[in-house]
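J.: Structure file work_11.txt (compact mmCIF, C-alpha atoms and all ligand atoms) right here:
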```txt
# COMPACT_ATOMS: atom_id res chain seq x y z
CA MET A 24 0.00 0.00 0.00
CA LYS A 25 1.39 3.41 -0.98
CA SER A 26 1.43 6.27 1.54
CA THR A 27 0.97 10.03 1.26
CA VAL A 28 4.77 10.38 1.24
CA ASP A 29 5.07 8.02 -1.77
CA PHE A 30 2.85 10.31 -3.84
CA ILE A 31 5.05 13.31 -3.08
CA LYS A 32 8.08 11.19 -4.11
CA MET A 33 6.30 10.27 -7.36
CA LYS A 34 5.77 13.96 -8.11
CA LYS A 35 9.47 14.66 -7.51
CA ALA A 36 10.45 11.72 -9.74
CA ASN A 37 8.07 12.86 -12.51
CA GLU A 38 6.16 9.59 -12.24
CA LYS A 39 2.51 10.10 -13.19
CA ILE A 40 -0.08 9.24 -10.53
CA VAL A 41 -3.23 7.43 -11.70
CA MET A 42 -6.45 7.92 -9.76
CA LEU A 43 -9.79 6.36 -10.72
CA THR A 44 -13.14 6.45 -8.99
CA ALA A 45 -14.90 3.27 -7.83
CA TYR A 46 -18.06 2.83 -5.80
CA ASP A 47 -18.52 -0.82 -4.92
CA TYR A 48 -16.82 -4.23 -4.60
CA PRO A 49 -16.48 -5.22 -8.29
CA SER A 50 -15.42 -1.80 -9.58
CA ALA A 51 -12.82 -1.53 -6.79
CA LYS A 52 -11.49 -5.03 -7.53
CA LEU A 53 -11.11 -4.25 -11.24
CA ALA A 54 -9.47 -0.87 -10.51
CA GLU A 55 -6.97 -2.51 -8.14
CA GLU A 56 -6.20 -5.30 -10.63
CA ALA A 57 -5.58 -2.66 -13.34
CA GLY A 58 -2.90 -1.08 -11.14
CA VAL A 59 -4.36 2.33 -10.36
CA ASP A 60 -2.36 4.18 -7.68
CA ILE A 61 -5.38 5.66 -5.88
CA ILE A 62 -9.08 4.79 -5.78
CA LEU A 63 -11.47 7.68 -5.12
CA VAL A 64 -14.97 7.00 -3.86
CA GLY A 65 -16.23 10.23 -5.40
CA ASP A 66 -19.58 11.78 -4.64
CA SER A 67 -20.06 11.46 -8.43
CA LEU A 68 -21.63 8.31 -6.93
CA GLY A 69 -24.81 10.40 -6.89
CA MET A 70 -24.92 10.63 -10.67
CA VAL A 71 -23.27 7.51 -12.05
CA VAL A 72 -24.57 4.96 -9.51
CA LEU A 73 -27.59 6.45 -7.73
CA GLY A 74 -29.16 8.26 -10.70
CA TYR A 75 -29.42 11.80 -9.24
CA ASP A 76 -28.69 14.74 -11.55
CA SER A 77 -26.04 16.27 -9.25
CA THR A 78 -23.91 15.42 -6.20
CA ILE A 79 -26.12 17.45 -3.82
CA ALA A 80 -28.33 14.58 -2.62
CA VAL A 81 -25.44 12.33 -1.60
CA THR A 82 -25.25 11.76 2.18
CA THR A 83 -22.58 10.75 4.68
CA GLU A 84 -24.42 7.40 5.01
CA ASP A 85 -24.17 6.89 1.22
CA MET A 86 -20.40 7.56 1.32
CA ILE A 87 -19.93 5.11 4.23
CA HIS A 88 -22.06 2.43 2.53
CA HIS A 89 -20.22 2.66 -0.80
CA GLY A 90 -16.81 3.51 0.69
CA SER A 91 -16.74 0.36 2.82
CA ALA A 92 -17.86 -1.85 -0.11
CA THR A 93 -15.08 -0.27 -2.21
CA ARG A 94 -12.52 -1.00 0.51
CA ARG A 95 -13.62 -4.65 0.61
CA GLY A 96 -12.90 -4.87 -3.12
CA ALA A 97 -9.50 -3.15 -2.98
CA LYS A 98 -7.67 -3.89 0.25
CA GLU A 99 -4.21 -3.02 -1.12
CA THR A 100 -4.92 0.31 -2.83
CA PHE A 101 -4.75 3.80 -1.30
CA LEU A 102 -8.39 4.82 -0.83
CA VAL A 103 -9.78 8.37 -0.78
CA VAL A 104 -13.44 9.06 0.09
CA ASP A 105 -15.27 12.32 -0.68
CA MET A 106 -17.00 14.19 2.12
CA PRO A 107 -20.48 14.92 0.68
CA PHE A 108 -22.35 18.20 0.28
CA GLY A 109 -23.19 19.90 3.57
CA SER A 110 -21.13 17.57 5.77
CA TYR A 111 -18.20 19.97 6.33
CA HIS A 112 -19.63 23.51 6.17
CA GLY A 113 -21.44 23.70 9.51
CA SER A 114 -19.91 23.61 12.97
CA ALA A 115 -16.45 22.14 13.54
CA ASP A 116 -18.21 19.51 15.70
CA ARG A 117 -20.47 18.34 12.89
CA THR A 118 -17.55 18.31 10.43
CA LEU A 119 -15.38 16.31 12.79
CA THR A 120 -18.19 13.85 13.59
CA ASP A 121 -18.89 13.13 9.92
CA ALA A 122 -15.21 13.03 8.92
CA VAL A 123 -14.35 10.59 11.71
CA ARG A 124 -17.36 8.37 10.88
CA ILE A 125 -16.44 8.20 7.18
CA PHE A 126 -12.74 7.69 7.90
CA GLN A 127 -13.24 4.98 10.55
CA GLN A 128 -16.16 3.10 9.02
CA THR A 129 -14.83 2.90 5.44
CA GLY A 130 -11.18 2.22 6.26
CA ALA A 131 -10.21 5.03 3.88
CA ASN A 132 -6.63 6.37 3.83
CA ALA A 133 -7.75 9.97 3.23
CA LEU A 134 -10.82 12.17 2.73
CA LYS A 135 -11.40 14.81 0.04
CA LEU A 136 -13.08 18.23 0.44
CA GLU A 137 -14.02 20.80 -2.21
CA GLY A 138 -12.90 24.43 -2.12
CA ALA A 139 -10.56 26.85 -0.35
CA GLY A 140 -11.68 29.95 1.65
CA ASN A 141 -13.30 28.71 4.87
CA VAL A 142 -12.51 25.13 3.88
CA VAL A 143 -8.78 25.84 4.43
CA ASP A 144 -9.45 25.97 8.20
CA THR A 145 -11.33 22.68 7.90
CA ILE A 146 -8.34 21.10 6.14
CA ARG A 147 -6.18 22.26 9.07
CA LEU A 148 -8.68 20.89 11.61
CA LEU A 149 -8.91 17.46 9.96
CA THR A 150 -5.21 16.98 9.23
CA GLY A 151 -4.58 18.07 12.84
CA THR A 152 -6.95 15.31 13.92
CA GLY A 153 -4.90 12.78 11.95
CA ILE A 154 -7.00 12.45 8.80
CA PRO A 155 -4.98 12.93 5.58
CA ILE A 156 -6.79 15.38 3.28
CA VAL A 157 -6.99 15.79 -0.49
CA ALA A 158 -8.15 19.27 -1.53
CA HIS A 159 -10.27 19.88 -4.66
CA LEU A 160 -10.04 23.17 -6.61
CA GLY A 161 -11.21 24.56 -9.96
CA LEU A 162 -14.69 23.36 -10.91
CA LEU A 163 -16.44 22.39 -7.68
CA PRO A 164 -19.50 20.24 -8.47
CA GLN A 165 -20.95 20.69 -4.94
CA SER A 166 -21.25 24.45 -5.51
CA ALA A 167 -21.82 24.49 -9.29
CA SER A 168 -25.25 26.08 -8.84
CA VAL A 169 -23.64 29.12 -7.16
CA VAL A 170 -21.38 29.84 -10.15
CA GLY A 171 -24.09 29.05 -12.73
CA GLY A 172 -23.28 25.49 -13.74
CA TYR A 173 -20.42 23.25 -14.79
CA LYS A 174 -17.98 25.69 -16.44
CA VAL A 175 -14.25 25.90 -17.10
CA GLN A 176 -12.64 27.77 -14.17
CA GLY A 177 -9.55 30.02 -13.87
CA LYS A 178 -9.70 31.47 -17.40
CA THR A 179 -8.78 35.05 -16.44
CA ALA A 180 -5.42 36.13 -14.99
CA GLU A 181 -7.20 37.16 -11.79
CA ALA A 182 -9.06 33.87 -11.38
CA ALA A 183 -5.89 31.94 -12.21
CA GLN A 184 -3.90 33.84 -9.56
CA GLN A 185 -6.65 33.15 -7.02
CA LEU A 186 -6.47 29.45 -7.82
CA ILE A 187 -2.69 29.39 -7.40
CA ASP A 188 -3.06 31.20 -4.05
CA ASP A 189 -5.77 28.72 -3.00
CA ALA A 190 -3.54 25.76 -3.89
CA ARG A 191 -0.73 27.21 -1.76
CA ALA A 192 -3.17 27.79 1.12
CA CYS A 193 -4.39 24.16 0.94
CA GLU A 194 -0.79 22.94 1.00
CA ALA A 195 0.05 25.20 3.96
CA ALA A 196 -3.04 23.90 5.82
CA GLY A 197 -1.74 20.34 5.50
CA ALA A 198 -3.39 18.86 2.38
CA PHE A 199 -1.07 16.23 0.85
CA MET A 200 -2.67 16.32 -2.64
CA ILE A 201 -5.00 18.50 -4.71
CA VAL A 202 -7.55 17.46 -7.35
CA LEU A 203 -7.83 20.20 -9.97
CA GLU A 204 -10.94 20.09 -12.15
CA CYS A 205 -11.78 21.70 -15.49
CA ILE A 206 -9.25 24.53 -15.96
CA PRO A 207 -7.02 25.66 -18.87
CA TYR A 208 -4.03 23.34 -19.35
CA GLN A 209 -1.57 26.24 -18.90
CA LEU A 210 -2.95 26.86 -15.42
CA GLY A 211 -2.70 23.13 -14.64
CA GLU A 212 1.05 23.35 -15.30
CA GLN A 213 1.35 26.55 -13.24
CA VAL A 214 -0.42 25.11 -10.19
CA ALA A 215 1.65 21.89 -10.35
CA ALA A 216 4.81 24.04 -10.37
CA ALA A 217 3.59 26.31 -7.55
CA VAL A 218 3.23 23.63 -4.84
CA SER A 219 5.28 20.63 -3.74
CA ILE A 220 2.25 18.35 -3.21
CA PRO A 221 0.91 16.35 -6.19
CA ILE A 222 -1.76 17.90 -8.41
CA ILE A 223 -4.19 15.37 -9.87
CA GLY A 224 -6.01 16.82 -12.87
CA ILE A 225 -9.36 16.12 -14.49
CA GLY A 226 -9.86 18.35 -17.49
CA ALA A 227 -6.68 20.22 -16.44
CA GLY A 228 -4.33 19.14 -19.23
CA ALA A 229 -1.28 16.88 -19.30
CA GLY A 230 0.97 19.08 -17.16
CA THR A 231 -0.35 17.96 -13.79
CA ASP A 232 1.28 15.25 -11.65
CA GLY A 233 -1.47 12.74 -12.36
CA GLN A 234 -4.97 12.23 -13.70
CA VAL A 235 -8.33 11.16 -12.32
CA LEU A 236 -11.41 9.97 -14.23
CA VAL A 237 -14.83 8.67 -13.28
CA TYR A 238 -14.98 4.87 -13.62
CA HIS A 239 -18.24 4.77 -15.57
CA ASP A 240 -16.96 7.37 -18.07
CA THR A 241 -13.66 5.52 -18.52
CA VAL A 242 -15.33 2.29 -19.69
CA LYS A 243 -18.66 3.70 -20.99
CA TYR A 244 -20.79 2.02 -18.37
CA GLY A 245 -24.23 3.60 -18.40
CA SER A 246 -22.80 7.12 -18.42
CA HIS A 247 -24.95 9.66 -20.23
CA HIS A 248 -23.45 13.15 -20.44
CA VAL A 249 -19.70 12.79 -21.02
CA PRO A 250 -17.60 16.00 -20.76
CA LYS A 251 -14.97 17.00 -23.35
CA PHE A 252 -12.08 15.99 -21.06
CA VAL A 253 -13.16 12.35 -20.83
CA GLU A 254 -11.75 9.51 -22.91
CA ALA A 255 -13.64 6.20 -22.99
CA PHE A 256 -11.06 3.40 -23.05
CA ALA A 257 -13.63 0.62 -23.47
CA ASP A 258 -17.35 0.23 -24.16
CA VAL A 259 -18.70 -2.15 -21.56
CA GLY A 260 -22.19 -0.65 -21.85
CA THR A 261 -22.54 -2.19 -25.32
CA VAL A 262 -21.08 -5.51 -24.13
CA ILE A 263 -23.57 -5.67 -21.22
CA HIS A 264 -26.46 -4.61 -23.47
CA GLU A 265 -25.71 -7.37 -25.98
CA GLY A 266 -25.27 -9.95 -23.21
CA LEU A 267 -28.56 -9.11 -21.52
CA LYS A 268 -30.46 -9.16 -24.82
CA LYS A 269 -29.05 -12.66 -25.47
CA TYR A 270 -30.24 -13.80 -22.02
CA VAL A 271 -33.77 -12.57 -22.72
CA SER A 272 -33.99 -14.20 -26.16
CA SER A 273 -32.46 -17.48 -24.89
CA VAL A 274 -35.14 -17.89 -22.20
CA LYS A 275 -37.87 -16.90 -24.65
CA ASP A 276 -36.77 -19.40 -27.32
CA GLY A 277 -36.06 -22.22 -24.82
CA SER A 278 -32.33 -22.52 -25.51
CA PHE A 279 -31.56 -21.60 -21.88
CA PRO A 280 -31.31 -23.48 -19.56
CA ALA A 281 -29.66 -26.35 -21.45
CA GLU A 282 -28.93 -29.90 -20.23
CA ARG A 283 -25.60 -28.82 -18.75
CA HIS A 284 -27.34 -26.41 -16.40
CA ARG A 285 -29.79 -28.92 -14.89
CA PHE A 286 -29.82 -31.23 -11.84
CA THR A 287 -31.01 -34.84 -12.02
CA MET A 288 -33.00 -36.99 -9.55
CA LYS A 289 -32.07 -40.73 -9.41
CA GLU A 290 -34.47 -43.21 -11.15
CA GLU A 291 -35.27 -45.07 -7.88
CA GLU A 292 -36.20 -41.85 -6.14
CA LEU A 293 -38.50 -40.98 -9.01
CA THR A 294 -40.12 -44.45 -8.79
CA ALA A 295 -40.55 -44.01 -5.02
CA LEU A 296 -42.22 -40.70 -5.68
CA TYR A 297 -44.59 -41.77 -8.43
CA GLY A 298 -44.85 -45.52 -7.71
O1 LIG B 1 -16.66 12.80 -7.27
C1 LIG B 1 -15.76 12.61 -8.10
O2 LIG B 1 -15.76 11.64 -8.88
C2 LIG B 1 -14.64 13.54 -8.09
C3 LIG B 1 -13.65 13.42 -9.20
C4 LIG B 1 -14.26 13.86 -10.49
C5 LIG B 1 -12.40 14.15 -8.91
O3 LIG B 1 -14.55 14.36 -7.22
NA NA B 2 -16.40 14.60 -5.94
```
As structure tokens, please, write out the structure in this file.
Ligand code: KIV
Ligand code: NA
T.:
Amino acid sequence: MKSTVDFIKMKKANEKIVMLTAYDYPSAKLAEEAGVDIILVGDSLGMVVLGYDSTIAVTTEDMIHHGSATRRGAKETFLVVDMPFGSYHGSADRTLTDAVRIFQQTGANALKLEGAGNVVDTIRLLTGTGIPIVAHLGLLPQSASVVGGYKVQGKTAEAAQQLIDDARACEAAGAFMIVLECIPYQLGEQVAAAVSIPIIGIGAGAGTDGQVLVYHDTVKYGSHHVPKFVEAFADVGTVIHEGLKKYVSSVKDGSFPAERHRFTMKEEELTALYG
């Protein structure tokens, strides 16, 4: 199992870090077998697994339920779990209660929070408590409705400077890694150069220290709206669709189950039954 220190070494050595989301036992198992460095139980769970149209409805209970299933599928991989909407913006007590529950009950190695500003104090509080923290800057899905939707962030010099300052503040508060979402590639390079902790990009170009993608987007598994920055590396949706259609037609036409699927009762038992 890698540690937070290993990821900082990978950045120094220019070795790309691969993060992928997973949400349950089989997806975690396949992610681990593929050799990803970090599994993220993202609150994208809300969209790709639970069928909501944003991450807002996802609860701490949801993250514990799916985070612990993910851990059971990937015992050897560094596991990060998202804190969901509303679980870290109230009192320090509430934040600490939810963070400790998610961290303890899922067996995660770290938690992830969106934003800087007031969240910087929360990063300090949680790392001080002993919970490693991944920050998340750029496009922040949990507050997308405040900025008018899912848009590319940091396009002006002013916004870019703010983002660089925010990244430095997250590092100073104790975050060991930052996810950077949906920003110009030039800014991705700048942020990666401005801090000594690894920057994991999604829609942030090739100049970051690593990449993260959503599992279902990566293999085209029931994902609907796919952003420009996503590449589908397989099409399992079509494979599953074809397989399920075959199952339906095989039962309908009587070709399934076949002789090899059946169990047999001995002749004498049949005679005893019917006489
Ligand atoms: O929830 C999620 O999947 C994420 C990644 C897109 C970084 O936060
Ligand atoms: Na997320």
J.: Counting all atoms listed in the file, what are the residues, protein, DNA or RNA alike, that approach ligand NA 2 (chain B) to within 9 Å? I want them as a list of chain:residue names.
T.: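 What falls inside 9 Å of ligand NA 2 (chain B) is A:Leu63, A:Val64, A:Gly65, A:Asp66, A:Ser67, A:Leu68, A:Thr78, A:Val104, A:Asp105, A:Met106, A:Pro107, A:Lys135, A:Leu136, A:Glu137, A:His159, A:Leu163, A:Pro164, A:Gln165.
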J.: What separation in Å, quoted to one decimal, exists between atom CA of A:Gly226 and atom CA of A:Leu160?
T.: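 Distance reported for this atom pair: 11.9 Å.
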J.: Pick out the residues sitting within 12 Å of A:His112, and hand them over as number ranges by chain; count all atoms listed in the file, and ignore anything fewer than 2 positions along from it in its own chain.
T.: A: 106-110, 114-119, 121-122, 136-146, 165-166
J.: Taking only C-alpha atoms and all ligand atoms into account, which of A:Met24, A:Ala97, A:Val59, A:Met70 comes nearest ligand LIG 1 (chain B)?
T.: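 Answer, going by the shortest atom-to-atom distance: A:Met70.
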J.: To test the calculation: enclose all listed atoms of ligand LIG 1 (chain B) in a box whose edges run along x, y and z, add 4 Å on each side, then state centre and edge lengths in Å to one decimal, as lines of an AutoDock Vina configuration file.
T.:
```
center_x = -14.5
center_y = 13.0
center_z = -8.9
size_x = 12.3
size_y = 10.7
size_z = 11.3
```
J.: Could you check which of A:Lys174, A:Lys275, A:His239, A:Lys39 is closest to ligand LIG 1 (chain B), using all atoms listed in the file?
T.: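 Among the listed residues, the smallest separation from ligand LIG 1 (chain B) belongs to A:His239.
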J.: Restricting the calculation to only C-alpha atoms and all ligand atoms: of A:Phe126, A:Phe30, A:Phe101, A:Phe252, which residue gets closest to ligand LIG 1 (chain B)?
T.: A:Phe252
J.: A:Leu43, A:Ala229, A:Val249, A:Ala131: which is nearest ligand LIG 1 (chain B), counting only C-alpha atoms and all ligand atoms?
T.: A:Leu43
J.: Using all atoms listed in the file, collect all residues at a distance of at most 9 Å from (-0.9, 22.1, -0.9) as written in the file, then present them as a list of chain:residue names.
T.: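 The residues that fall inside the cut-off are A:Val157, A:Ala158, A:Asp189, A:Ala190, A:Arg191, A:Ala192, A:Cys193, A:Glu194, A:Ala195, A:Ala196, A:Gly197, A:Ala198, A:Phe199, A:Met200, A:Ile201, A:Val218, A:Ser219, A:Ile220, A:Pro221, A:Ile222.
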J.: May I ask which of the residues A:Val123, A:Val72, A:Val202, A:Val242 is the closest one to A:Thr261, counting all atoms listed in the file?
T.: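 Counting all atoms listed in the file, the residue closest to A:Thr261 is A:Val242.
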J.: Would you compute the distance between atom CA of A:Arg95 and atom CA of A:Ala54? Give it in Å to one decimal.
T.: 12.5 Å
J.: Please report the interatomic distance between atom CA of A:Ser50 and atom CA of A:Arg124 in Å with one decimal.
T.: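 Rounded to one decimal, the two atoms are 22.9 Å apart.
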J.: Considering only C-alpha atoms and all ligand atoms, can you say which of A:Met33, A:Val262, A:Ala182, A:Leu134 comes closest to ligand LIG 1 (chain B)?
T.: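 Closest residue, counting only C-alpha atoms and all ligand atoms: A:Leu134.
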J.: Just want the 7 Å neighbourhood of A:Gln234, counted on all atoms listed in the file, with same-chain residues fewer than 2 positions away dropped. Output as a PyMOL selection string.
T.: chain A and resi 40-42+223-225+236
